[in-house]
Every structure is written in C-alpha cells, then in structure tokens.
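Reproduced below: input30.txt, with compact mmCIF, C-alpha atoms.
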```txt
# COMPACT_ATOMS: atom_id res chain seq x y z
CA MET A 1286 -13.38 4.37 11.63
CA THR A 1287 -12.92 7.19 14.12
CA ASP A 1288 -12.47 10.91 13.80
CA VAL A 1289 -9.03 12.22 14.64
CA PRO A 1290 -8.51 15.91 15.45
CA THR A 1291 -6.31 17.83 13.04
CA PRO A 1292 -2.90 18.27 14.68
CA THR A 1293 -1.47 21.68 15.45
CA PRO A 1294 2.04 22.15 14.03
CA THR A 1295 4.80 22.86 16.53
CA PRO A 1296 8.08 24.64 15.80
CA TYR A 1297 11.23 22.58 15.55
CA ALA A 1298 13.20 22.25 18.77
CA ALA A 1299 16.57 20.62 19.21
CA PRO A 1300 16.51 17.31 21.12
CA GLY A 1301 16.48 17.99 24.81
CA ALA A 1302 15.43 21.63 24.47
CA PRO A 1303 12.94 22.94 27.07
CA GLY A 1304 9.39 21.93 26.18
CA THR A 1305 10.50 19.24 23.74
CA PRO A 1306 8.54 15.97 24.08
CA LYS A 1307 10.57 13.03 25.25
CA PRO A 1308 11.84 10.75 22.48
CA GLY A 1309 9.14 8.23 21.61
CA THR A 1310 6.27 10.45 22.79
CA PRO A 1311 3.56 10.22 20.12
CA LYS A 1312 2.43 13.50 18.55
CA PRO A 1313 -1.23 14.11 19.50
CA GLY A 1314 -3.71 13.53 16.71
CA ARG A 1315 -1.34 11.86 14.24
CA HIS A 1316 -1.49 8.26 13.17
CA ARG A 1317 1.80 6.76 14.33
CA VAL A 1318 3.65 4.47 11.92
CA VAL A 1319 6.54 2.52 13.46
CA VAL A 1320 8.97 0.81 11.10
CA LEU A 1321 10.82 -2.18 12.56
CA ALA A 1322 14.36 -2.47 11.19
CA LEU A 1323 15.82 -5.93 11.67
CA PRO A 1324 19.45 -6.99 11.01
CA ASP A 1325 20.42 -7.20 7.33
CA VAL A 1326 17.51 -4.91 6.44
CA ILE A 1327 17.17 -3.78 2.81
CA PRO A 1328 17.76 0.00 2.94
CA PHE A 1329 15.47 0.85 0.04
CA GLU A 1330 12.51 -0.86 1.64
CA LEU A 1331 13.29 0.62 5.06
CA SER A 1332 13.05 4.07 3.46
CA ILE A 1333 9.66 3.56 1.79
CA PRO A 1334 7.32 4.23 4.78
CA PRO A 1335 8.90 7.55 5.82
CA ARG A 1336 9.01 8.61 2.18
CA ILE A 1337 5.32 7.92 1.53
CA PHE A 1338 3.66 8.55 4.89
CA GLY A 1339 5.90 11.53 5.55
CA ARG A 1340 4.47 13.23 2.46
CA ALA A 1341 0.81 12.62 3.28
CA HIS A 1342 -0.82 15.91 4.24
CA SER A 1343 -4.36 17.08 4.88
CA PRO A 1344 -5.91 19.58 2.43
CA SER A 1345 -4.81 22.34 4.82
CA GLY A 1346 -1.21 21.10 4.70
CA GLU A 1347 -0.96 19.37 8.06
CA PRO A 1348 1.05 16.11 8.28
CA LEU A 1349 -1.27 13.14 8.75
CA TYR A 1350 1.27 10.62 10.01
CA GLU A 1351 4.17 10.46 12.41
CA VAL A 1352 6.78 7.97 11.20
CA VAL A 1353 9.54 6.59 13.40
CA SER A 1354 11.98 3.71 13.00
CA CYS A 1355 13.04 1.31 15.72
CA THR A 1356 15.16 -1.81 16.08
CA PRO A 1357 15.46 -4.60 18.66
CA VAL A 1358 18.81 -3.27 19.94
CA PRO A 1359 19.31 0.47 19.37
CA GLY A 1360 22.49 1.58 17.65
CA ARG A 1361 24.25 0.03 14.68
CA VAL A 1362 22.00 -2.06 12.43
CA PRO A 1363 23.71 -4.07 9.66
CA ALA A 1364 22.13 -3.29 6.30
CA ASN A 1365 21.90 -5.48 3.24
CA GLY A 1366 24.65 -3.60 1.44
CA ASP A 1367 28.12 -2.25 2.01
CA PHE A 1368 27.08 0.10 4.83
CA ASP A 1369 25.32 0.04 8.19
CA ILE A 1370 22.45 2.09 9.57
CA HIS A 1371 22.22 3.78 12.97
CA ILE A 1372 18.80 3.71 14.65
CA GLU A 1373 18.35 5.30 18.05
CA ARG A 1374 14.92 3.98 19.03
CA GLY A 1375 14.33 0.57 20.58
CA PRO A 1376 11.41 -1.90 20.52
CA GLU A 1377 9.44 0.03 23.14
CA GLU A 1378 8.30 2.26 20.24
CA LEU A 1379 6.09 -0.61 19.08
CA GLU A 1380 3.93 -0.17 22.18
CA HIS A 1381 2.80 3.24 20.89
CA ALA A 1382 2.22 2.31 17.24
CA ASP A 1383 -1.03 2.62 15.32
CA THR A 1384 0.58 0.85 12.36
CA VAL A 1385 3.71 -1.33 12.39
CA ILE A 1386 5.59 -1.98 9.15
CA VAL A 1387 8.22 -4.71 8.80
CA PRO A 1388 10.48 -4.27 5.74
CA ALA A 1389 12.49 -7.15 4.28
CA ALA A 1390 15.54 -8.25 6.28
CA TYR A 1391 17.54 -11.46 6.11
CA GLN A 1392 18.45 -11.98 9.77
CA PRO A 1393 17.92 -13.74 12.09
CA SER A 1394 18.41 -16.78 9.91
CA GLU A 1395 16.10 -19.00 12.00
CA VAL A 1396 13.13 -17.24 10.41
CA TYR A 1397 14.16 -18.36 6.94
CA GLU A 1398 15.57 -21.75 7.93
CA ASP A 1399 12.73 -23.18 10.02
CA GLY A 1400 10.07 -20.46 10.21
CA ARG A 1401 10.45 -19.55 13.86
CA LEU A 1402 11.27 -16.38 15.75
CA PRO A 1403 14.14 -16.60 18.22
CA PRO A 1404 13.10 -15.75 21.81
CA GLY A 1405 14.44 -12.20 21.68
CA LEU A 1406 12.46 -11.40 18.56
CA ARG A 1407 9.33 -13.00 19.99
CA ASP A 1408 9.61 -10.54 22.85
CA VAL A 1409 9.90 -7.70 20.35
CA PHE A 1410 6.71 -8.69 18.50
CA ALA A 1411 4.92 -9.21 21.83
CA ARG A 1412 5.21 -5.45 22.42
CA ILE A 1413 2.74 -4.73 19.60
CA ARG A 1414 -0.64 -3.93 21.09
CA PRO A 1415 -3.69 -5.99 20.07
CA GLY A 1416 -5.59 -4.22 17.29
CA THR A 1417 -2.52 -2.52 15.86
CA ARG A 1418 -2.44 -2.58 12.07
CA ILE A 1419 0.58 -4.55 10.84
CA ALA A 1420 2.10 -4.61 7.35
CA SER A 1421 5.12 -6.16 5.68
CA ILE A 1422 7.19 -5.28 2.63
CA CYS A 1423 8.62 -8.12 0.53
CA THR A 1424 10.03 -10.92 2.71
CA GLY A 1425 9.06 -9.02 5.83
CA SER A 1426 6.07 -11.39 5.52
CA PHE A 1427 8.31 -14.21 6.79
CA PHE A 1428 8.53 -12.45 10.15
CA LEU A 1429 4.77 -11.89 10.32
CA ALA A 1430 4.18 -15.54 9.49
CA ALA A 1431 6.77 -16.74 12.01
CA ALA A 1432 5.03 -14.63 14.66
CA GLY A 1433 1.74 -16.41 13.88
CA LEU A 1434 0.10 -13.27 12.51
CA LEU A 1435 -0.74 -14.79 9.12
CA ASP A 1436 -2.15 -18.17 10.19
CA GLY A 1437 -5.25 -18.90 8.11
CA ARG A 1438 -5.07 -15.53 6.40
CA PRO A 1439 -4.41 -14.44 2.81
CA ALA A 1440 -0.97 -12.95 2.21
CA THR A 1441 1.72 -12.44 -0.40
CA THR A 1442 5.49 -12.18 -0.58
CA HIS A 1443 8.14 -11.81 -3.26
CA TRP A 1444 7.42 -14.40 -5.96
CA TRP A 1445 11.03 -15.69 -5.83
CA TRP A 1446 10.49 -16.81 -2.21
CA ALA A 1447 6.98 -18.19 -2.66
CA ASP A 1448 7.76 -21.93 -2.71
CA HIS A 1449 10.03 -21.65 0.33
CA PHE A 1450 7.39 -19.61 2.15
CA ARG A 1451 4.76 -22.28 1.48
CA ARG A 1452 7.00 -25.02 2.88
CA LEU A 1453 7.62 -23.09 6.09
CA PHE A 1454 4.12 -21.72 6.59
CA PRO A 1455 1.53 -24.09 5.06
CA SER A 1456 -1.31 -22.55 7.08
CA VAL A 1457 -0.96 -19.19 5.31
CA ARG A 1458 -3.14 -18.69 2.22
CA LEU A 1459 -0.32 -17.42 0.04
CA ASP A 1460 -1.00 -15.68 -3.27
CA PRO A 1461 2.38 -15.04 -4.93
CA ASP A 1462 0.85 -13.49 -8.04
CA VAL A 1463 -0.32 -10.15 -6.64
CA LEU A 1464 1.32 -6.88 -5.64
CA TYR A 1465 -0.21 -6.70 -2.17
CA VAL A 1466 -2.95 -8.19 -0.02
CA ASP A 1467 -5.14 -6.09 2.28
CA ASP A 1468 -6.73 -8.30 4.93
CA GLY A 1469 -7.92 -5.48 7.13
CA ASP A 1470 -5.56 -5.20 10.09
CA VAL A 1471 -2.80 -7.22 8.41
CA LEU A 1472 -1.37 -6.28 5.01
CA THR A 1473 1.46 -7.85 3.02
CA SER A 1474 3.22 -6.79 -0.17
CA ALA A 1475 5.57 -8.21 -2.75
CA GLY A 1476 9.09 -6.94 -3.42
CA VAL A 1477 10.53 -3.44 -3.70
CA ALA A 1478 8.11 -1.19 -5.66
CA ALA A 1479 5.09 -3.15 -4.38
CA GLY A 1480 5.96 -1.77 -0.94
CA ILE A 1481 5.40 1.71 -2.37
CA ASP A 1482 2.07 0.58 -3.80
CA LEU A 1483 1.05 -0.82 -0.42
CA CYS A 1484 1.91 2.37 1.48
CA VAL A 1485 0.04 4.54 -1.05
CA HIS A 1486 -2.88 2.12 -0.75
CA ILE A 1487 -2.88 2.55 3.05
CA VAL A 1488 -2.94 6.35 2.67
CA ARG A 1489 -5.80 5.97 0.20
CA ARG A 1490 -7.66 3.67 2.60
CA ASP A 1491 -7.15 6.07 5.50
CA HIS A 1492 -7.73 9.43 3.81
CA GLY A 1493 -9.14 8.92 0.32
CA ALA A 1494 -8.02 9.25 -3.26
CA ALA A 1495 -7.25 12.98 -3.26
CA VAL A 1496 -4.74 12.74 -0.40
CA ALA A 1497 -3.21 9.54 -1.80
CA ASN A 1498 -2.84 11.04 -5.27
CA ASP A 1499 -1.20 14.14 -3.85
CA THR A 1500 1.16 11.97 -1.79
CA ALA A 1501 2.08 9.97 -4.89
CA ARG A 1502 2.74 13.13 -6.89
CA ARG A 1503 5.03 14.45 -4.17
CA SER A 1504 7.00 11.20 -4.34
CA VAL A 1505 6.78 10.90 -8.15
CA VAL A 1506 5.27 7.40 -8.01
CA PRO A 1507 2.13 5.93 -9.62
CA PRO A 1508 -0.94 7.04 -7.65
CA HIS A 1509 -2.62 3.66 -7.80
CA ARG A 1510 -1.78 0.10 -8.77
CA ASP A 1511 -4.41 -2.40 -7.79
CA GLY A 1512 -3.26 -5.06 -5.34
CA GLY A 1513 -4.49 -7.81 -7.63
CA GLN A 1514 -2.13 -6.76 -10.41
CA ALA A 1515 0.48 -9.37 -11.29
CA GLN A 1516 3.89 -9.19 -9.59
CA TYR A 1517 5.85 -10.51 -12.50
CA VAL A 1518 5.16 -9.68 -16.12
CA HIS A 1519 7.31 -11.32 -18.76
CA ARG A 1520 7.88 -8.16 -20.77
CA PRO A 1521 7.12 -5.10 -18.62
CA VAL A 1522 8.51 -2.72 -21.27
CA PRO A 1523 7.90 -3.51 -24.93
CA ASP A 1524 10.98 -3.74 -27.11
CA ASP A 1525 11.75 -1.17 -29.80
CA ARG A 1526 10.39 -3.40 -32.54
CA ALA A 1527 6.89 -3.61 -31.13
CA HIS A 1528 4.13 -1.15 -30.40
CA GLY A 1529 3.00 -0.76 -26.80
CA THR A 1530 -0.45 -0.08 -25.44
CA SER A 1531 0.17 3.15 -23.53
CA ALA A 1532 -1.52 5.36 -26.14
CA ALA A 1533 -4.68 3.28 -25.94
CA ARG A 1534 -4.67 3.51 -22.15
CA ALA A 1535 -4.19 7.29 -22.25
CA TRP A 1536 -7.02 7.57 -24.78
CA ALA A 1537 -9.34 5.45 -22.62
CA LEU A 1538 -8.71 7.53 -19.49
CA THR A 1539 -10.20 10.59 -21.21
CA ARG A 1540 -13.31 8.64 -22.22
CA LEU A 1541 -14.24 6.61 -19.15
CA HIS A 1542 -17.77 8.03 -19.33
CA GLU A 1543 -18.26 6.51 -22.79
CA PRO A 1544 -18.70 2.88 -23.85
CA ILE A 1545 -15.24 1.53 -24.74
CA ARG A 1546 -14.90 -1.68 -26.70
CA LEU A 1547 -11.83 -3.84 -26.85
CA ARG A 1548 -11.88 -3.27 -30.60
CA ASP A 1549 -11.68 0.50 -30.00
CA LEU A 1550 -8.57 0.08 -27.85
CA ALA A 1551 -6.89 -2.25 -30.33
CA ASP A 1552 -7.59 0.17 -33.19
CA ARG A 1553 -5.75 2.95 -31.32
CA GLU A 1554 -2.58 0.86 -31.58
CA SER A 1555 -3.35 -0.56 -35.07
CA MET A 1556 -3.37 -4.11 -33.68
CA SER A 1557 -5.67 -7.05 -33.90
CA VAL A 1558 -7.76 -7.64 -30.79
CA ARG A 1559 -5.83 -10.81 -30.06
CA THR A 1560 -2.41 -9.14 -30.34
CA PHE A 1561 -3.54 -6.11 -28.34
CA THR A 1562 -4.96 -8.26 -25.54
CA ARG A 1563 -1.77 -10.30 -25.27
CA ARG A 1564 0.49 -7.26 -25.32
CA PHE A 1565 -1.71 -5.37 -22.85
CA ARG A 1566 -1.51 -8.19 -20.33
CA GLU A 1567 2.27 -8.44 -20.82
CA GLU A 1568 2.68 -4.74 -20.06
CA VAL A 1569 0.07 -4.16 -17.36
CA GLY A 1570 -0.38 -7.59 -15.80
CA VAL A 1571 -4.18 -7.67 -16.11
CA SER A 1572 -6.66 -7.89 -18.98
CA PRO A 1573 -7.93 -4.71 -20.68
CA GLY A 1574 -11.37 -5.29 -19.17
CA GLN A 1575 -10.00 -5.62 -15.63
CA TRP A 1576 -7.87 -2.51 -16.07
CA LEU A 1577 -10.79 -0.48 -17.44
CA THR A 1578 -13.04 -1.49 -14.55
CA ALA A 1579 -10.33 -0.51 -12.04
CA GLN A 1580 -9.98 2.93 -13.66
CA ARG A 1581 -13.74 3.46 -13.51
CA VAL A 1582 -13.81 2.47 -9.84
CA GLU A 1583 -11.02 4.99 -9.24
CA ARG A 1584 -12.95 7.69 -11.09
CA ALA A 1585 -16.09 6.94 -9.08
CA ARG A 1586 -14.10 7.18 -5.85
CA GLN A 1587 -12.75 10.59 -6.79
CA LEU A 1588 -16.23 11.90 -7.64
CA LEU A 1589 -17.76 10.49 -4.46
CA GLU A 1590 -15.04 12.09 -2.36
CA SER A 1591 -14.87 15.48 -4.04
CA THR A 1592 -18.40 16.24 -5.32
CA GLU A 1593 -22.05 16.14 -4.26
CA LEU A 1594 -23.21 14.76 -7.61
CA PRO A 1595 -26.20 12.40 -7.45
CA MET A 1596 -25.33 8.72 -7.59
CA ASP A 1597 -26.80 8.32 -11.07
CA GLN A 1598 -24.58 11.11 -12.38
CA VAL A 1599 -21.47 9.69 -10.69
CA ALA A 1600 -22.23 6.32 -12.27
CA ARG A 1601 -22.59 7.87 -15.74
CA ASP A 1602 -19.45 10.02 -15.42
CA ALA A 1603 -17.41 7.03 -14.27
CA GLY A 1604 -18.68 4.88 -17.13
CA PHE A 1605 -20.80 2.42 -15.15
CA GLY A 1606 -24.04 3.57 -16.78
CA THR A 1607 -26.33 3.00 -13.81
CA ALA A 1608 -26.11 3.49 -10.07
CA GLN A 1609 -26.92 -0.19 -9.61
CA SER A 1610 -23.93 -1.24 -11.74
CA MET A 1611 -21.65 1.18 -9.89
CA ARG A 1612 -22.85 -0.10 -6.55
CA ALA A 1613 -22.04 -3.69 -7.51
CA HIS A 1614 -18.53 -2.79 -8.72
CA LEU A 1615 -17.67 -0.63 -5.69
CA GLN A 1616 -19.04 -3.23 -3.30
CA SER A 1617 -16.81 -5.83 -4.96
CA ALA A 1618 -13.71 -3.61 -5.10
CA LEU A 1619 -14.00 -1.73 -1.79
CA GLY A 1620 -16.33 -3.81 0.35
CA VAL A 1621 -18.76 -0.91 0.90
CA PRO A 1622 -21.57 0.65 -1.18
CA PRO A 1623 -21.14 4.13 -2.71
CA THR A 1624 -23.29 5.86 -0.09
CA SER A 1625 -21.18 4.51 2.78
CA TYR A 1626 -17.98 5.38 0.94
CA ARG A 1627 -19.13 8.96 0.40
CA ARG A 1628 -20.13 9.38 4.05
CA THR A 1629 -16.67 8.21 5.14
CA PHE A 1630 -14.76 10.75 3.09
CA ARG A 1631 -17.25 13.63 2.94
CA GLY A 1632 -18.02 13.71 6.66
CA GLU A 1633 -16.44 16.10 9.11
CA GLY A 1634 -13.00 15.46 10.51
CA VAL A 1635 -10.17 13.29 9.32
CA HIS A 1636 -11.03 9.59 9.10
CA ILE A 1637 -8.57 6.78 9.58
```

Rewrite the coordinates I just gave you, this time as structure tokens.
Amino acid sequence: MTDVPTPTPTPYAAPGAPGTPKPGTPKPGRHRVVVLALPDVIPFELSIPPRIFGRAHSPSGEPLYEVVSCTPVPGRVPANGDFDIHIERGPEELEHADTVIVPAAYQPSEVYEDGRLPPGLRDVFARIRPGTRIASICTGSFFLAAAGLLDGRPATTHWWWADHFRRLFPSVRLDPDVLYVDDGDVLTSAGVAAGIDLCVHIVRRDHGAAVANDTARRSVVPPHRDGGQAQYVHRPVPDDRAHGTSAARAWALTRLHEPIRLRDLADRESMSVRTFTRRFREEVGVSPGQWLTAQRVERARQLLESTELPMDQVARDAGFGTAQSMRAHLQSALGVPPTSYRRTFRGEGVHI
C-alpha cells in the first residue's frame, strides 16, 4: 500500500473553459476508477460504481475517487432496456485507470457463445496497464475470463450462468455460491446487488470501515455483507405466518462483547435451536455462528481503526475474549494480523 496525498478541491468549470484539464486527464491524488460500458450493458449495474465510489469521502470531506465511464466506440451505447446511453469517453481512458470495472453486458455475443473476445475488444482490454486492479459485476466476469484474466484464479458470477460459465472457462476456479470473490488485483461479483457489496468492499479495503460505512449510509445500502455469503437463499424474506430472526440479530449486535449461545439467540425468537438455525440460514445465507464471527471481526476492525485501545481490550470488546483468538480470526478473515491492520489505517496519509 502507498500513501496518496489528499486532493485539493477545484471549482467547477465548464468543459473547455480556460484552465480546465483536458477530458480524460486524471485528477491528481485521486484513485481513478474507469467503468467499461459494453453494448447491451445493464444500466443498473453500470450506475453502481459512480454511485458508490462517488460518495466515498475522506474524514475531511474530500472525494477519494474519480469515476469515469468509457466505451469501445464513443457515442451511442445500446443498453439492456428500452433506451440507449451516450458515453463520450473512449477506450484510451483505460490507460489511466487505477481500477477498471466491467459491468454485465450481453454483447458481443462471441463472448457468451464460445468464450472469446473479438479482435476489437481484445485491443480494448490490451489498453489496461499491468498491475491495474480489475473487477466485474455479474456476467462482466465472462469478459474477464475471455480476456484470460481469470485463468487458474477463484471467481464468481451470477448463479444462473454458472454452468455455462464452467463449460466455456474450465480453467477458472468458479464458486457460484458467494456474493463476491476478492483475489487481490482481480475481483468478481454475482448479480445486481452483489455489485454494490463488491464496491463497498473495495472502499473498505482501500480506506477502512469508517469510510465504507459512511459511503454505505450515503447510498442507503448495507455497510457490509461478507463475500462468502450465499448468493441465493430460498426464502430471503420470511412469510407473514412465520417469525424471522431479525430481532435476535439486533439483540446480538448490542452484546458482541458477551458470550452468546445459539440457545440465547433462539430464545429471543421463541424457537427451538433447530428451527432457529434453519430459518437463520434461509434469511441470511450463513449459519448463526458464521454470522456472529463476521460481526465480531467487523467490530474489531472498527476499534482498531478508530481507537488506541490495547489489543487485549479490543479482543474483549469485540467478543473474542483473548488477543490470540482475535489474531487468529482476523488473520483468517483479512489475511493480516491486528497490529498490521491497525498500522495500515491509523498511519498518516490516505492508504489505498
């Protein structure tokens, strides 16, 4: 990770006004996200990156990202709907990207028919500099796979397309049961709302829980859904005849520092342990134990980022009991020990 200077805001100037940077000129100090709109793009998914990254601000209120959209041939881009989209920027924008995001699109058909990029699109992907972070939303993963970016790597896509994806790209380690996969410089997500989860996750990875939570609040979306959560739950909202588990979850979140037994959670909903466990998994997509551990990891992250509490105290407040237990859980979830995580987000400067 490297320190990036906090950008200085500049007043708005009409395009072409004296002193206005040329179109495509990156703003100094901001992480540049370039969204590649391909023909028959899904408009909702095209709008996710500017919505999320455009609302990510530093504690002093400065924008942390610059988000631009581009397309292989500037101008009219057919959308997957009863309207078209006009995009002025061309593929040269990819040459200046820090992160490239490819939303779902259903053309060119060669990608879905035989898993290959036509020559023109190969040239477009060739403009992405080595080392650039690349992400896909939904079936945007087909384009990453066709470009060879997912060979031998873990990835996901929309569960409906999983079997077809496997036939076209057998070398990709596909997991169709998760919301998103973070493999470092390449990230993939499942359909629609999972793209929101992925973008919030990237903000969290770049700038920590406080910035990500603020970004989520601005967009009125959940601040965190773990990537390993199931894509498809059979009954995401309980019917009127059955109790849900939301009250138990709300109760647990106020008591993360205490021991919480499965029996305690089930009692909050007046259910047997067996019924509660089944209904919890139907609603949330993971077991109560997995969910509780994820919430405690999240609590530990917030304390490490925002306080100078000793590690033993952070571990107790987050419900891990001991610093050793917390270290093991954070190492498993984040890939770094608590001390390294704290240095990253409590050091000087903005880290990406």

Exercise. For Val1505 (chain A), which residue among A:Asp1597, A:Ser1557, A:Arg1340, A:Pro1404 is the nearest when counting only C-alpha atoms?
Worked result: A:Arg1340

Exercise. Please, what distance in Å, to one decimal, runs between CA of Glu1593 (chain A) and CA of Gly1469 (chain A)?
Worked result: 28.2 Å

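Rounded to one decimal, CA of Arg1584 (chain A) and CA of Val1488 (chain A) lie 17.1 Å from each other.
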
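In this structure, CA of Thr1442 (chain A) sits 5.2 Å away from CA of Cys1423 (chain A).
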
So that all listed atoms of region 1618-1624 of chain A fit with 6 Å spare on each side, what axis-aligned box centre and edge lengths in Å, to one decimal, would you give as AutoDock Vina command-line options?
```
--center_x -18.5 --center_y 1.0 --center_z -2.1 --size_x 21.6 --size_y 21.7 --size_z 18.0
```

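Taking only C-alpha atoms into account, Pro1623 (chain A) lies nearest to A:Ala1585 out of the set A:Val1318, A:Val1466, A:Ala1585, A:Leu1594.
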
Problem set entry | Sphere at (8.0, -6.5, 5.8), radius 10 Å, counting all atoms listed in the file: residues as a ChimeraX atom specification | /A:1320-1323,1326,1330-1331,1385-1390,1419-1429,1442,1472-1476,1480

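Of the residues listed (A:Val1457, A:Leu1577, A:Ala1364, A:Ala1341), A:Ala1341 shows the shortest atom-to-atom separation from His1492 (chain A); distances use only C-alpha atoms.
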
Can you list, as a short mmCIF file (atom, residue, chain, number, x, y, z; two decimals) with C-alpha atoms, in the coordinates of the input, every protein, DNA or RNA residue that comes within 8 Å of region 1607-1613 of chain A when you count only C-alpha atoms, leaving out same-chain residues fewer than 3 positions away?
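Writing done, so here's result25.cif:
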```cif
data_model
loop_
_atom_site.label_atom_id
_atom_site.label_comp_id
_atom_site.auth_asym_id
_atom_site.auth_seq_id
_atom_site.Cartn_x
_atom_site.Cartn_y
_atom_site.Cartn_z
CA VAL A 1582 -13.81 2.47 -9.84
CA MET A 1596 -25.33 8.72 -7.59
CA ASP A 1597 -26.80 8.32 -11.07
CA VAL A 1599 -21.47 9.69 -10.69
CA ALA A 1600 -22.23 6.32 -12.27
CA ARG A 1601 -22.59 7.87 -15.74
CA GLN A 1616 -19.04 -3.23 -3.30
CA SER A 1617 -16.81 -5.83 -4.96
CA PRO A 1622 -21.57 0.65 -1.18
CA PRO A 1623 -21.14 4.13 -2.71
#
```

Seminar exercise, completed: Using all atoms listed in the file, the residue out of A:Ala1551, A:Cys1355, A:Ala1440, A:Ile1337 with shortest distance to Glu1378 (chain A) is A:Cys1355

Problem set entry | Which residue of A:Thr1500, A:His1542, A:Pro1595, A:Thr1530 approaches Phe1565 (chain A) most closely, using all atoms listed in the file | A:Thr1530

What are the nearest atom pairs, with distances in Å to one decimal, for all residues of region 1348-1370 of chain A that come at most 12 Å from region 1392-1396 of chain A, using only C-alpha atoms, set out by chain and rising residue number as a Markdown table?
```
| residue | atom | partner | partner_atom | distance |
| --- | --- | --- | --- | --- |
| A:Pro1357 | CA | A:Pro1393 | CA | 11.5 |
| A:Val1362 | CA | A:Gln1392 | CA | 10.9 |
| A:Pro1363 | CA | A:Gln1392 | CA | 9.5 |
| A:Ala1364 | CA | A:Gln1392 | CA | 10.1 |
| A:Asn1365 | CA | A:Gln1392 | CA | 9.8 |
```

For this session: Show which residues sit within 8 Å of Pro1335 (chain A), as a ChimeraX atom specification. Count all atoms listed in the file, and ignore same-chain residues fewer than 3 positions away.
Result: /A:1332,1338-1340,1352-1353
